[in-house]
$ cat coords.cif   # mmCIF, N, CA and C atoms
data_model
loop_
_atom_site.label_atom_id
_atom_site.label_comp_id
_atom_site.auth_asym_id
_atom_site.auth_seq_id
_atom_site.Cartn_x
_atom_site.Cartn_y
_atom_site.Cartn_z
N MET A 1342 82.88 28.73 -53.08
CA MET A 1342 82.03 27.77 -52.39
C MET A 1342 81.70 28.25 -50.98
N SER A 1343 82.66 28.82 -50.27
CA SER A 1343 82.40 29.25 -48.90
C SER A 1343 81.42 30.42 -48.85
N ASP A 1344 81.38 31.26 -49.91
CA ASP A 1344 80.38 32.34 -49.96
C ASP A 1344 78.97 31.78 -49.99
N ILE A 1345 78.77 30.69 -50.73
CA ILE A 1345 77.45 30.06 -50.81
C ILE A 1345 77.06 29.51 -49.45
N ILE A 1346 77.98 28.83 -48.79
CA ILE A 1346 77.69 28.27 -47.46
C ILE A 1346 77.38 29.38 -46.47
N GLU A 1347 78.16 30.47 -46.52
CA GLU A 1347 77.93 31.59 -45.62
C GLU A 1347 76.56 32.24 -45.87
N ARG A 1348 76.17 32.40 -47.14
CA ARG A 1348 74.86 32.96 -47.46
C ARG A 1348 73.74 32.06 -46.93
N GLU A 1349 73.92 30.74 -47.08
CA GLU A 1349 72.90 29.80 -46.61
C GLU A 1349 72.80 29.83 -45.09
N ARG A 1350 73.94 29.95 -44.40
CA ARG A 1350 73.90 30.06 -42.94
C ARG A 1350 73.17 31.32 -42.53
N THR A 1351 73.45 32.41 -43.22
CA THR A 1351 72.78 33.67 -42.93
C THR A 1351 71.27 33.53 -43.17
N LEU A 1352 70.89 32.90 -44.28
CA LEU A 1352 69.48 32.67 -44.56
C LEU A 1352 68.86 31.80 -43.47
N ALA A 1353 69.56 30.75 -43.09
CA ALA A 1353 69.04 29.86 -42.04
C ALA A 1353 68.82 30.63 -40.74
N THR A 1354 69.75 31.48 -40.38
CA THR A 1354 69.63 32.28 -39.15
C THR A 1354 68.45 33.24 -39.26
N ARG A 1355 68.37 33.96 -40.37
CA ARG A 1355 67.28 34.92 -40.56
C ARG A 1355 65.92 34.23 -40.56
N LEU A 1356 65.83 33.10 -41.24
CA LEU A 1356 64.58 32.37 -41.32
C LEU A 1356 64.18 31.84 -39.94
N ARG A 1357 65.13 31.25 -39.23
CA ARG A 1357 64.84 30.72 -37.89
C ARG A 1357 64.35 31.82 -36.97
N LEU A 1358 65.03 32.95 -36.96
CA LEU A 1358 64.62 34.05 -36.09
C LEU A 1358 63.25 34.61 -36.48
N ALA A 1359 63.00 34.73 -37.78
CA ALA A 1359 61.71 35.24 -38.24
C ALA A 1359 60.58 34.31 -37.83
N VAL A 1360 60.78 32.99 -37.99
CA VAL A 1360 59.74 32.02 -37.64
C VAL A 1360 59.50 32.04 -36.13
N VAL A 1361 60.57 32.10 -35.34
CA VAL A 1361 60.43 32.13 -33.88
C VAL A 1361 59.69 33.39 -33.45
N ARG A 1362 60.06 34.53 -34.02
CA ARG A 1362 59.41 35.78 -33.63
C ARG A 1362 57.93 35.81 -34.03
N LEU A 1363 57.63 35.34 -35.23
CA LEU A 1363 56.22 35.29 -35.66
C LEU A 1363 55.44 34.33 -34.76
N ASN A 1364 56.04 33.20 -34.44
CA ASN A 1364 55.38 32.25 -33.55
C ASN A 1364 55.09 32.88 -32.19
N ARG A 1365 56.05 33.62 -31.67
CA ARG A 1365 55.86 34.30 -30.39
C ARG A 1365 54.71 35.30 -30.46
N ARG A 1366 54.66 36.06 -31.54
CA ARG A 1366 53.58 37.04 -31.70
C ARG A 1366 52.22 36.34 -31.82
N LEU A 1367 52.18 35.24 -32.56
CA LEU A 1367 50.92 34.49 -32.70
C LEU A 1367 50.48 33.92 -31.35
N ARG A 1368 51.43 33.37 -30.60
CA ARG A 1368 51.10 32.82 -29.27
C ARG A 1368 50.53 33.90 -28.38
N ALA A 1369 51.08 35.10 -28.47
CA ALA A 1369 50.63 36.19 -27.61
C ALA A 1369 49.18 36.57 -27.90
N GLN A 1370 48.68 36.24 -29.07
CA GLN A 1370 47.31 36.58 -29.43
C GLN A 1370 46.30 35.67 -28.74
N GLY A 1371 46.75 34.58 -28.16
CA GLY A 1371 45.85 33.61 -27.54
C GLY A 1371 45.31 34.04 -26.20
N GLY A 1372 45.70 35.19 -25.72
CA GLY A 1372 45.19 35.65 -24.43
C GLY A 1372 45.91 34.99 -23.27
N ASP A 1373 45.21 34.82 -22.16
CA ASP A 1373 45.84 34.28 -20.96
C ASP A 1373 45.52 32.79 -20.81
N SER A 1374 45.63 32.08 -21.89
CA SER A 1374 45.32 30.65 -21.90
C SER A 1374 46.23 29.89 -20.95
N LYS A 1375 45.66 28.95 -20.26
CA LYS A 1375 46.42 28.08 -19.37
C LYS A 1375 46.99 26.88 -20.12
N ILE A 1376 46.69 26.80 -21.40
CA ILE A 1376 47.14 25.68 -22.21
C ILE A 1376 48.52 25.99 -22.79
N THR A 1377 49.45 25.06 -22.64
CA THR A 1377 50.80 25.24 -23.16
C THR A 1377 50.81 25.02 -24.67
N LEU A 1378 51.90 25.40 -25.29
CA LEU A 1378 52.03 25.18 -26.73
C LEU A 1378 52.01 23.69 -27.06
N SER A 1379 52.63 22.86 -26.23
CA SER A 1379 52.62 21.42 -26.47
C SER A 1379 51.20 20.87 -26.41
N GLN A 1380 50.43 21.34 -25.45
CA GLN A 1380 49.05 20.89 -25.32
C GLN A 1380 48.21 21.39 -26.50
N LEU A 1381 48.40 22.65 -26.88
CA LEU A 1381 47.68 23.21 -28.00
C LEU A 1381 48.04 22.49 -29.30
N SER A 1382 49.32 22.15 -29.44
CA SER A 1382 49.77 21.44 -30.64
C SER A 1382 49.13 20.05 -30.72
N ALA A 1383 49.08 19.36 -29.59
CA ALA A 1383 48.44 18.03 -29.56
C ALA A 1383 46.96 18.14 -29.90
N MET A 1384 46.30 19.17 -29.37
CA MET A 1384 44.89 19.37 -29.69
C MET A 1384 44.70 19.67 -31.17
N SER A 1385 45.58 20.49 -31.73
CA SER A 1385 45.51 20.81 -33.16
C SER A 1385 45.70 19.58 -34.02
N CYS A 1386 46.62 18.72 -33.59
CA CYS A 1386 46.88 17.48 -34.33
C CYS A 1386 45.63 16.60 -34.34
N LEU A 1387 44.98 16.44 -33.20
CA LEU A 1387 43.75 15.66 -33.13
C LEU A 1387 42.62 16.33 -33.92
N HIS A 1388 42.61 17.64 -33.92
CA HIS A 1388 41.60 18.39 -34.67
C HIS A 1388 41.74 18.08 -36.17
N ARG A 1389 42.99 18.03 -36.65
CA ARG A 1389 43.25 17.75 -38.08
C ARG A 1389 43.09 16.27 -38.41
N SER A 1390 43.63 15.40 -37.53
CA SER A 1390 43.74 13.98 -37.84
C SER A 1390 42.57 13.14 -37.36
N GLY A 1391 41.85 13.63 -36.38
CA GLY A 1391 40.82 12.81 -35.76
C GLY A 1391 41.44 11.96 -34.65
N ALA A 1392 40.67 11.03 -34.14
CA ALA A 1392 41.10 10.20 -33.02
C ALA A 1392 42.35 9.40 -33.36
N LEU A 1393 43.26 9.30 -32.38
CA LEU A 1393 44.53 8.58 -32.53
C LEU A 1393 44.85 7.84 -31.24
N THR A 1394 45.74 6.87 -31.33
CA THR A 1394 46.27 6.28 -30.10
C THR A 1394 47.27 7.28 -29.52
N PRO A 1395 47.54 7.21 -28.22
CA PRO A 1395 48.55 8.10 -27.65
C PRO A 1395 49.92 7.96 -28.35
N GLY A 1396 50.28 6.76 -28.74
CA GLY A 1396 51.54 6.55 -29.44
C GLY A 1396 51.56 7.23 -30.80
N GLU A 1397 50.45 7.13 -31.52
CA GLU A 1397 50.36 7.80 -32.83
C GLU A 1397 50.45 9.31 -32.67
N LEU A 1398 49.77 9.81 -31.65
CA LEU A 1398 49.79 11.26 -31.40
C LEU A 1398 51.21 11.71 -31.03
N ALA A 1399 51.89 10.95 -30.19
CA ALA A 1399 53.27 11.28 -29.82
C ALA A 1399 54.17 11.29 -31.05
N ALA A 1400 54.00 10.29 -31.91
CA ALA A 1400 54.83 10.21 -33.13
C ALA A 1400 54.56 11.40 -34.05
N LYS A 1401 53.29 11.74 -34.24
CA LYS A 1401 52.95 12.87 -35.11
C LYS A 1401 53.49 14.18 -34.55
N GLU A 1402 53.53 14.29 -33.23
CA GLU A 1402 54.00 15.51 -32.59
C GLU A 1402 55.52 15.51 -32.38
N GLY A 1403 56.16 14.37 -32.62
CA GLY A 1403 57.61 14.29 -32.48
C GLY A 1403 58.08 14.36 -31.04
N VAL A 1404 57.29 13.79 -30.12
CA VAL A 1404 57.67 13.76 -28.70
C VAL A 1404 57.68 12.33 -28.20
N GLN A 1405 58.30 12.12 -27.07
CA GLN A 1405 58.35 10.80 -26.46
C GLN A 1405 56.99 10.47 -25.83
N PRO A 1406 56.61 9.20 -25.85
CA PRO A 1406 55.31 8.81 -25.26
C PRO A 1406 55.08 9.29 -23.82
N PRO A 1407 56.09 9.25 -22.92
CA PRO A 1407 55.82 9.75 -21.57
C PRO A 1407 55.43 11.24 -21.54
N SER A 1408 56.03 12.02 -22.43
CA SER A 1408 55.66 13.44 -22.51
C SER A 1408 54.23 13.59 -22.99
N MET A 1409 53.85 12.79 -23.97
CA MET A 1409 52.48 12.86 -24.50
C MET A 1409 51.49 12.39 -23.44
N THR A 1410 51.87 11.41 -22.64
CA THR A 1410 50.99 10.93 -21.56
C THR A 1410 50.65 12.08 -20.62
N ARG A 1411 51.64 12.90 -20.28
CA ARG A 1411 51.40 14.06 -19.41
C ARG A 1411 50.47 15.07 -20.08
N VAL A 1412 50.70 15.33 -21.35
CA VAL A 1412 49.86 16.26 -22.10
C VAL A 1412 48.42 15.76 -22.12
N ILE A 1413 48.24 14.49 -22.44
CA ILE A 1413 46.91 13.90 -22.50
C ILE A 1413 46.24 13.98 -21.12
N GLY A 1414 46.98 13.66 -20.08
CA GLY A 1414 46.43 13.71 -18.72
C GLY A 1414 45.91 15.10 -18.37
N PHE A 1415 46.69 16.12 -18.67
CA PHE A 1415 46.26 17.49 -18.38
C PHE A 1415 44.99 17.82 -19.16
N LEU A 1416 45.00 17.50 -20.45
CA LEU A 1416 43.85 17.84 -21.30
C LEU A 1416 42.61 17.05 -20.92
N GLU A 1417 42.80 15.81 -20.46
CA GLU A 1417 41.65 15.04 -19.95
C GLU A 1417 41.08 15.71 -18.70
N ASP A 1418 41.98 16.06 -17.77
CA ASP A 1418 41.54 16.71 -16.52
C ASP A 1418 40.82 18.03 -16.80
N ALA A 1419 41.22 18.71 -17.87
CA ALA A 1419 40.61 19.99 -18.23
C ALA A 1419 39.32 19.80 -19.02
N GLY A 1420 38.97 18.54 -19.33
CA GLY A 1420 37.74 18.26 -20.07
C GLY A 1420 37.85 18.55 -21.56
N LEU A 1421 39.08 18.64 -22.08
CA LEU A 1421 39.28 18.99 -23.49
C LEU A 1421 39.55 17.78 -24.37
N MET A 1422 39.86 16.65 -23.74
CA MET A 1422 40.18 15.42 -24.46
C MET A 1422 39.68 14.26 -23.63
N HIS A 1423 39.34 13.16 -24.29
CA HIS A 1423 39.00 11.96 -23.53
C HIS A 1423 39.56 10.72 -24.22
N ARG A 1424 39.67 9.66 -23.42
CA ARG A 1424 40.14 8.37 -23.92
C ARG A 1424 38.96 7.43 -24.02
N ARG A 1425 39.07 6.55 -24.98
CA ARG A 1425 38.10 5.46 -25.08
C ARG A 1425 38.85 4.21 -25.49
N SER A 1426 38.21 3.09 -25.34
CA SER A 1426 38.85 1.82 -25.70
C SER A 1426 39.09 1.75 -27.20
N HIS A 1427 40.18 1.15 -27.56
CA HIS A 1427 40.48 0.91 -28.98
C HIS A 1427 39.51 -0.15 -29.49
N PRO A 1428 38.93 0.02 -30.66
CA PRO A 1428 37.91 -0.91 -31.13
C PRO A 1428 38.42 -2.32 -31.45
N THR A 1429 39.72 -2.44 -31.76
CA THR A 1429 40.23 -3.76 -32.15
C THR A 1429 41.39 -4.26 -31.29
N ASP A 1430 41.95 -3.41 -30.44
CA ASP A 1430 43.10 -3.79 -29.63
C ASP A 1430 42.86 -3.38 -28.19
N GLY A 1431 42.51 -4.33 -27.36
CA GLY A 1431 42.19 -4.05 -25.97
C GLY A 1431 43.34 -3.48 -25.16
N ARG A 1432 44.56 -3.59 -25.66
CA ARG A 1432 45.73 -3.04 -24.96
C ARG A 1432 45.89 -1.55 -25.23
N GLN A 1433 45.21 -1.05 -26.23
CA GLN A 1433 45.37 0.34 -26.66
C GLN A 1433 44.16 1.18 -26.23
N ALA A 1434 44.38 2.47 -26.27
CA ALA A 1434 43.29 3.44 -26.07
C ALA A 1434 43.31 4.38 -27.27
N ILE A 1435 42.22 5.06 -27.43
CA ILE A 1435 42.10 6.10 -28.46
C ILE A 1435 41.83 7.41 -27.73
N VAL A 1436 42.51 8.47 -28.15
CA VAL A 1436 42.25 9.79 -27.58
C VAL A 1436 41.62 10.67 -28.65
N GLU A 1437 40.71 11.51 -28.21
CA GLU A 1437 40.05 12.44 -29.13
C GLU A 1437 39.61 13.66 -28.36
N LEU A 1438 39.38 14.72 -29.08
CA LEU A 1438 38.92 15.95 -28.46
C LEU A 1438 37.46 15.81 -28.04
N THR A 1439 37.13 16.42 -26.92
CA THR A 1439 35.73 16.53 -26.52
C THR A 1439 35.11 17.70 -27.29
N GLU A 1440 33.82 17.90 -27.13
CA GLU A 1440 33.19 19.07 -27.76
C GLU A 1440 33.83 20.35 -27.26
N ALA A 1441 34.12 20.38 -25.95
CA ALA A 1441 34.78 21.56 -25.38
C ALA A 1441 36.17 21.74 -25.99
N GLY A 1442 36.88 20.64 -26.22
CA GLY A 1442 38.20 20.70 -26.85
C GLY A 1442 38.13 21.21 -28.28
N GLN A 1443 37.14 20.72 -29.02
CA GLN A 1443 36.94 21.20 -30.40
C GLN A 1443 36.67 22.70 -30.40
N ALA A 1444 35.79 23.14 -29.50
CA ALA A 1444 35.45 24.56 -29.44
C ALA A 1444 36.67 25.39 -29.04
N ARG A 1445 37.45 24.87 -28.10
CA ARG A 1445 38.65 25.60 -27.64
C ARG A 1445 39.66 25.76 -28.76
N ILE A 1446 39.93 24.70 -29.51
CA ILE A 1446 40.91 24.79 -30.59
C ILE A 1446 40.39 25.70 -31.69
N ASP A 1447 39.10 25.63 -31.99
CA ASP A 1447 38.52 26.52 -33.00
C ASP A 1447 38.73 27.99 -32.59
N GLU A 1448 38.48 28.29 -31.33
CA GLU A 1448 38.63 29.67 -30.84
C GLU A 1448 40.09 30.10 -30.84
N GLU A 1449 40.99 29.24 -30.38
CA GLU A 1449 42.42 29.58 -30.36
C GLU A 1449 42.91 29.89 -31.77
N VAL A 1450 42.55 29.05 -32.72
CA VAL A 1450 42.97 29.24 -34.12
C VAL A 1450 42.34 30.51 -34.67
N SER A 1451 41.08 30.72 -34.41
CA SER A 1451 40.37 31.88 -34.93
C SER A 1451 40.99 33.19 -34.46
N VAL A 1452 41.32 33.27 -33.18
CA VAL A 1452 41.91 34.50 -32.63
C VAL A 1452 43.25 34.78 -33.30
N ARG A 1453 44.08 33.77 -33.43
CA ARG A 1453 45.39 33.96 -34.03
C ARG A 1453 45.29 34.30 -35.52
N GLU A 1454 44.39 33.63 -36.22
CA GLU A 1454 44.26 33.90 -37.64
C GLU A 1454 43.65 35.27 -37.91
N ARG A 1455 42.75 35.72 -37.06
CA ARG A 1455 42.21 37.09 -37.22
C ARG A 1455 43.33 38.11 -37.08
N TRP A 1456 44.21 37.91 -36.09
CA TRP A 1456 45.33 38.82 -35.90
C TRP A 1456 46.23 38.81 -37.14
N LEU A 1457 46.56 37.61 -37.62
CA LEU A 1457 47.45 37.50 -38.78
C LEU A 1457 46.79 38.09 -40.03
N ASP A 1458 45.50 37.86 -40.21
CA ASP A 1458 44.77 38.46 -41.33
C ASP A 1458 44.93 39.98 -41.31
N GLN A 1459 44.80 40.58 -40.14
CA GLN A 1459 44.96 42.03 -40.01
C GLN A 1459 46.36 42.47 -40.41
N GLN A 1460 47.37 41.70 -40.00
CA GLN A 1460 48.76 42.05 -40.35
C GLN A 1460 48.98 41.94 -41.86
N LEU A 1461 48.40 40.94 -42.47
CA LEU A 1461 48.58 40.73 -43.91
C LEU A 1461 47.93 41.84 -44.73
N LEU A 1462 46.89 42.46 -44.20
CA LEU A 1462 46.23 43.55 -44.92
C LEU A 1462 47.17 44.73 -45.14
N ASP A 1463 48.17 44.87 -44.28
CA ASP A 1463 49.12 45.98 -44.40
C ASP A 1463 50.19 45.73 -45.46
N LEU A 1464 50.20 44.55 -46.06
CA LEU A 1464 51.21 44.21 -47.05
C LEU A 1464 50.69 44.42 -48.47
N SER A 1465 51.61 44.57 -49.40
CA SER A 1465 51.22 44.72 -50.80
C SER A 1465 50.81 43.35 -51.36
N GLU A 1466 50.15 43.36 -52.50
CA GLU A 1466 49.78 42.11 -53.18
C GLU A 1466 51.03 41.27 -53.45
N GLU A 1467 52.09 41.92 -53.89
CA GLU A 1467 53.34 41.22 -54.19
C GLU A 1467 53.91 40.56 -52.93
N GLU A 1468 53.89 41.27 -51.82
CA GLU A 1468 54.40 40.70 -50.57
C GLU A 1468 53.55 39.50 -50.13
N ARG A 1469 52.23 39.62 -50.27
CA ARG A 1469 51.37 38.49 -49.89
C ARG A 1469 51.61 37.29 -50.81
N ALA A 1470 51.85 37.53 -52.09
CA ALA A 1470 52.15 36.44 -53.02
C ALA A 1470 53.48 35.77 -52.64
N THR A 1471 54.46 36.57 -52.26
CA THR A 1471 55.75 36.03 -51.83
C THR A 1471 55.57 35.17 -50.57
N LEU A 1472 54.78 35.67 -49.62
CA LEU A 1472 54.53 34.90 -48.41
C LEU A 1472 53.77 33.61 -48.70
N SER A 1473 52.88 33.64 -49.65
CA SER A 1473 52.15 32.43 -50.03
C SER A 1473 53.12 31.36 -50.53
N GLU A 1474 54.04 31.76 -51.38
CA GLU A 1474 55.05 30.82 -51.86
C GLU A 1474 55.95 30.35 -50.72
N ALA A 1475 56.34 31.29 -49.87
CA ALA A 1475 57.21 30.93 -48.74
C ALA A 1475 56.51 29.96 -47.79
N ALA A 1476 55.21 30.14 -47.58
CA ALA A 1476 54.46 29.24 -46.69
C ALA A 1476 54.51 27.80 -47.21
N GLU A 1477 54.39 27.64 -48.52
CA GLU A 1477 54.47 26.29 -49.10
C GLU A 1477 55.85 25.69 -48.90
N ILE A 1478 56.89 26.50 -49.07
CA ILE A 1478 58.26 26.02 -48.91
C ILE A 1478 58.53 25.67 -47.45
N ILE A 1479 58.10 26.53 -46.54
CA ILE A 1479 58.29 26.27 -45.11
C ILE A 1479 57.56 25.00 -44.71
N GLN A 1480 56.36 24.81 -45.22
CA GLN A 1480 55.60 23.58 -44.92
C GLN A 1480 56.38 22.35 -45.39
N ARG A 1481 56.97 22.43 -46.58
CA ARG A 1481 57.78 21.31 -47.08
C ARG A 1481 58.97 21.04 -46.17
N LEU A 1482 59.64 22.11 -45.73
CA LEU A 1482 60.78 21.94 -44.83
C LEU A 1482 60.35 21.29 -43.52
N ALA A 1483 59.21 21.75 -42.99
CA ALA A 1483 58.71 21.23 -41.71
C ALA A 1483 58.25 19.79 -41.80
N SER A 1484 57.92 19.33 -43.01
CA SER A 1484 57.40 17.97 -43.19
C SER A 1484 58.49 16.92 -43.41
N ARG A 1485 59.72 17.36 -43.52
CA ARG A 1485 60.82 16.42 -43.78
C ARG A 1485 61.18 15.60 -42.58
#

$ encode --input "coords.cif" --output "structure tokens"
Amino acid sequence: MSDIIERERTLATRLRLAVVRLNRRLRAQGGDSKITLSQLSAMSCLHRSGALTPGELAAKEGVQPPSMTRVIGFLEDAGLMHRRSHPTDGRQAIVELTEAGQARIDEEVSVRERWLDQQLLDLSEEERATLSEAAEIIQRLASR
């Protein structure tokens, strides 16, 4: 039984390090962006989900509302996001990407995906198939 636990710990360590290193390499492809990963993640979430309340965005991103308030404030000041009144609840606001925000997230994603596409070309068909399966499994783990 302890061999199984030790193998799983080793897998967990290897997987964690691989994901962190790949993430670092992908971030480096973004150039000299002044946008932090938290800000980019919030923009990506709005890009996928559409307009949300700040609380919904914080929950989806797994951060506390005060942290999201700071992220939203920076992105508003940068002209990448704006707030509008909630259509049914006057106590709430809705945040969404501006056209500049949409263009920025499209470009950020495009640059990183072009780099990754180039890296994948160096792999065999079998390796790419393995990564395809792994991507689905990692997504499931991340969604728990």

$ residues_around --input "coords.cif" --residues "Glu1402 (chain A)" --least-positions-apart "3" --cutoff "8 Å" --atoms "only N, CA and C atoms" --output "list in words"
Ser1382, Ala1383, Cys1386, Gly1396, Glu1397, Leu1398, Ala1399 and Gln1405 of chain A

$ residues_around --input "coords.cif" --residues "Met1422 (chain A)" --least-positions-apart "6" --cutoff "8 Å" --atoms "all atoms listed in the file" --output "list in words"
Ile1413, Phe1415, Leu1416, Val1436, Glu1437, Leu1438, Thr1439, Glu1440, Ala1441, Gly1442 and Gln1443 of chain A

$ atom_distance --input "coords.cif" --atom1 "CA of Leu1457 (chain A)" --atom2 "CA of Leu1367 (chain A)"
7.6 Å

$ select_by_dssp --input "coords.cif" --residues "chain A" --states "alpha helix (DSSP H)" --output "PyMOL selection string"
chain A and resi 1343-1369+1378-1390+1395-1402+1406-1418+1440-1462+1466-1483

$ select_by_dssp --input "coords.cif" --residues "chain A" --states "strand (DSSP E)" --output "MDAnalysis selection string"
chainID A and resid 1422:1426 1434:1438

$ decode --input "coords.cif" --residues "region 1399-1424 of chain A" --atoms "C-alpha atoms" --output "compact mmCIF listing (two decimals), in the first residue's frame"
# COMPACT_ATOMS: atom_id res chain seq x y z
CA ALA A 1399 -14.57 36.57 -7.67
CA ALA A 1400 -16.29 33.23 -7.05
CA LYS A 1401 -15.42 31.90 -10.52
CA GLU A 1402 -11.81 32.98 -10.04
CA GLY A 1403 -11.62 31.58 -6.50
CA VAL A 1404 -10.55 34.86 -4.89
CA GLN A 1405 -11.97 37.05 -2.17
CA PRO A 1406 -14.20 39.96 -3.27
CA PRO A 1407 -11.75 42.66 -2.02
CA SER A 1408 -9.02 41.16 -4.22
CA MET A 1409 -11.36 41.14 -7.22
CA THR A 1410 -12.33 44.76 -6.49
CA ARG A 1411 -8.66 45.74 -6.89
CA VAL A 1412 -8.35 43.73 -10.11
CA ILE A 1413 -11.50 45.33 -11.53
CA GLY A 1414 -10.31 48.80 -10.51
CA PHE A 1415 -7.00 48.39 -12.32
CA LEU A 1416 -8.66 47.00 -15.44
CA GLU A 1417 -11.24 49.80 -15.44
CA ASP A 1418 -8.48 52.41 -15.13
CA ALA A 1419 -6.66 50.73 -18.02
CA GLY A 1420 -9.81 50.93 -20.16
CA LEU A 1421 -10.05 47.13 -20.45
CA MET A 1422 -13.19 46.60 -18.37
CA HIS A 1423 -16.17 48.70 -17.37
CA ARG A 1424 -19.02 48.55 -14.89
